[in-house]
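Peer 1: Input: one structure, supplied below.
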Amino acid sequence: MEIALITKEQVKNRTHWIDEISRLSGDFGVDAERIEQELRQEIRTYGIEPLLGHLRLCGAIPECYGHDTSEEKLYAKYTDVVIHEAYTAMGFASLVLRERANVADVECVTDNYSFVADAKAFRLSRTAKNQKDFKVQEMDSWKHGKPYAMVVCPVYQLPSRTSQIYQQATVRSVCIATYTHLAVLVRYAQETTQSKAVALVHEVFRTVEAMNPSRDAASYWQTVNRTLLDFDSVIGGIWRDEKLASNEAILISREEALTFLAVERERIMRLSRYEAINEVLKWRKLDNKIQKVQSVAENGILSLE
């Protein structure tokens with residue numbers, strides 16, 4: 001496959017990070033901190049090119065990670081660190097929050113405004129997504145006094161016709177953005193100034209807040225995209241590049257997933273009957289379910305007379 005904007009180094013670096021996230025210590029906090037430190041050092045050493053690579057490719061959860069595993073959870077934290085680094089490159093004072101539940105994952109502050117943000121990633125093989133997967137309503141409750149919130153998603157996984165998430169976003173001042181939009185803003189900050197990028201993000205937030213509530217995806221994205229493109233003529237060229245890079249990212253992510261699934265299918269086809277039975281038992285987690293059932297016992301509530 002010919003790669004134009006997404007470099008071979010960026011693809012190779014994604015493979016490195018997929019493997020790096022698999023090297024778990026068994027302590028989520030330690031692993032998350034290691035990911036944040038290593039990613040920060042990478043960007044400080046090599047500039048925004050690796051950051052752009054992460055933004056272009058991180059929206060797809062690797063198929064090699066099992067569902068609801070430690071790797072998958074650490075990958076989610078990795079995407080939060082990626083957007084944190086993107087906001088930092090734009091000129092925000094940004095922080096990755098350590099709390100695990102009922103809070104946003106990233107907090108950003110400027111002299112004029114502040115917001116919270118969260119990164120979303122999905123498997124390419126996932127068939128159905130609903131509004132709860134994007135957590136727009138939750139983001140509103142996680143502002144904790146801040147005027148705005150942003151949910152960052154892979155562009156190819158967002159509803160393209162109608163969805164309640166767009167109505168929720170405009171009602172609750174939650175900006176739905178994509179990793180592509182963040183890549184555009186990072187490059188804009190580098191090619192002009194960080195203060196201009198910070199002002200542009202503010203303009204996008206105010207635009208979303210001023211929209212008439214609607215489920216129509218086209219109306220939402222035309223308004224957001226036009227806000228970026230009309231802000232500065234410099235953005236037009238950056239936009240065209242990152243739009244092409246987004247298409248390349250789909251091809252790269254598809255190839256990555258299909259390669260793993262083909263290898264996995266071949267592995268399963270080679271299993272003996274005994275190995276196949278054990279594989280199914282492990283997949284269904286029957287031993288865990290049996291232990292859970294056996295642990296259920298009388299709790300004494302009815303004895304409290």
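Residues are named by chain letter and number: chains run A, B, ... in the order of the structure tokens, numbers start at 1 in each chain, and ligands are numbered from 1 in the order shown.
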Residues of stretch 2-44 of chain A that approach stretch 92-106 of chain A to 10 Å or less, counting only C-alpha atoms: could you list each one with the shortest pair of atoms and its distance in Å to one decimal, rows by chain and increasing residue number, as a Markdown table?
Peer 2:
```
| residue | atom | partner | partner_atom | distance |
| --- | --- | --- | --- | --- |
| A:Gly29 | CA | A:Arg98 | CA | 8.1 |
| A:Ala32 | CA | A:Arg98 | CA | 9.0 |
| A:Glu33 | CA | A:Arg98 | CA | 9.3 |
| A:Glu36 | CA | A:Val96 | CA | 8.7 |
```
Peer 1: Sort by chain and increasing residue number a table of all residues of stretch 3-64 of chain A within 7 Å of stretch 79-90 of chain A, each with its closest pair of atoms and their distance in Å to one decimal, counting only C-alpha atoms, and write it as CSV.
Peer 2:
```
residue,atom,partner,partner_atom,distance
A:Glu36,CA,A:Val81,CA,6.0
A:His54,CA,A:Val82,CA,6.7
A:Leu55,CA,A:Val82,CA,6.9
A:Cys58,CA,A:Thr79,CA,6.5
```
Peer 1: Which residues in stretch 8-173 of chain A does DSSP call alpha helix (DSSP H)? List them as a PyMOL selection string.
Peer 2: chain A and resi 8-22+28-46+48-57+70-90+136-141+164-172
Peer 1: So how many Å separate atom CA of A:Asn225 and atom CA of A:Arg240, to one decimal?
Peer 2: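 That distance, rounded to one decimal, is 11.9 Å.
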Peer 1: Pick out the residues sitting within 12 Å of A:Glu255, and hand them over as a PyMOL selection string; count only C-alpha atoms, and ignore anything fewer than 3 positions along from it in its own chain.
Peer 2: chain A and resi 1+11+60+62-63+124+248-252+258-262
Peer 1: From a DSSP pass on the backbone, collect the residues of stretch 7-99 of chain A flagged as strand (DSSP E) and hand them back as number ranges by chain.
Peer 2: A: 93-96
Peer 1: If we count only C-alpha atoms and set the cut-off at 9 Å, which residues sit around A:Leu24, ignoring sequence neighbours fewer than 4 positions away in its own chain? Please answer as a list in words.
Peer 2: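 Selected residues are Glu20, Phe28, Asp31, Ser70, Glu71 and Leu74 of chain A.
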Peer 1: Okay, now the selection with C-alpha atoms, as a PDB file, in the first residue's frame?
Peer 2:
```pdb
ATOM      1  CA  GLU A  20       4.594  -1.217  24.424  1.00  0.00           C
ATOM      2  CA  PHE A  28      -2.586   0.292  36.010  1.00  0.00           C
ATOM      3  CA  ASP A  31       1.585   1.643  33.474  1.00  0.00           C
ATOM      4  CA  SER A  70      -5.901  -4.518  30.812  1.00  0.00           C
ATOM      5  CA  GLU A  71      -4.417  -3.756  27.401  1.00  0.00           C
ATOM      6  CA  LEU A  74      -4.434   1.100  29.029  1.00  0.00           C
TER       7      LEU A  74
END
```
Peer 1: What lies within 7 Å of stretch 197-200 of chain A using only C-alpha atoms, ignoring chain neighbours under 2 positions off, as a PyMOL selection string?
Peer 2: chain A and resi 90-91+185+188-189+193-195+202-204
Peer 1: Could you name the residues that touch stretch 214-218 of chain A at 6 Å or less, counting only C-alpha atoms, but leaving out those on the same chain fewer than 2 positions away, as a list in words?
Peer 2: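 In the requested format, the answer is Ser160, Arg161, Thr162, Ser163, Gln164, Tyr166, Gln167, Tyr220, Trp221 and Gln222 of chain A.
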Peer 1: Which polymer residues have any atom within 7 Å of an atom of stretch 168-183 of chain A, counting only C-alpha atoms, with same-chain residues fewer than 6 positions away left out, as a PyMOL selection string?
Peer 2: chain A and resi 52+55-56+86+136-137+140+148-155+205+208-209+211+213+242+246
Peer 1: Write the residues of the selection above to a file with C-alpha atoms, as a JSON list (two decimals), in the first residue's frame.
Peer 2:
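That gives us part.json:
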```json
[["chain", "number", "residue", "atom", "x", "y", "z"],
["A", 52, "LEU", "CA", 0.58, 13.74, 14.22],
["A", 55, "LEU", "CA", -3.53, 11.54, 16.14],
["A", 56, "ARG", "CA", -3.96, 10.03, 12.68],
["A", 86, "ALA", "CA", -2.15, 17.76, 21.23],
["A", 136, "VAL", "CA", -21.84, 13.46, 25.44],
["A", 137, "GLN", "CA", -24.31, 13.78, 28.31],
["A", 140, "ASP", "CA", -21.69, 17.80, 30.46],
["A", 148, "TYR", "CA", -17.09, 23.67, 27.76],
["A", 149, "ALA", "CA", -16.26, 20.02, 27.11],
["A", 150, "MET", "CA", -14.87, 18.18, 24.10],
["A", 151, "VAL", "CA", -15.24, 14.56, 23.00],
["A", 152, "VAL", "CA", -12.61, 13.48, 20.47],
["A", 153, "CYS", "CA", -13.51, 10.54, 18.20],
["A", 154, "PRO", "CA", -12.22, 8.78, 15.08],
["A", 155, "VAL", "CA", -14.01, 10.47, 12.20],
["A", 205, "PHE", "CA", -16.79, 26.03, 21.27],
["A", 208, "VAL", "CA", -21.32, 24.75, 18.89],
["A", 209, "GLU", "CA", -22.97, 26.55, 21.81],
["A", 211, "MET", "CA", -26.16, 26.14, 17.11],
["A", 213, "PRO", "CA", -30.26, 21.87, 18.48],
["A", 242, "GLU", "CA", -5.31, 15.95, 7.02],
["A", 246, "SER", "CA", -7.68, 10.46, 7.42]]
```
Peer 1: Rank nothing, just name the residue among A:Ser125, A:Glu264, A:Glu191, A:Gly145 nearest to A:Ser233, using only C-alpha atoms.
Peer 2: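 Closest to A:Ser233 of all the choices is A:Glu191.
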Peer 1: Give me, please, the distance in Å between atom CA of A:Glu9 and atom CA of A:Gln157, quoted to one decimal.
Peer 2: 24.9 Å
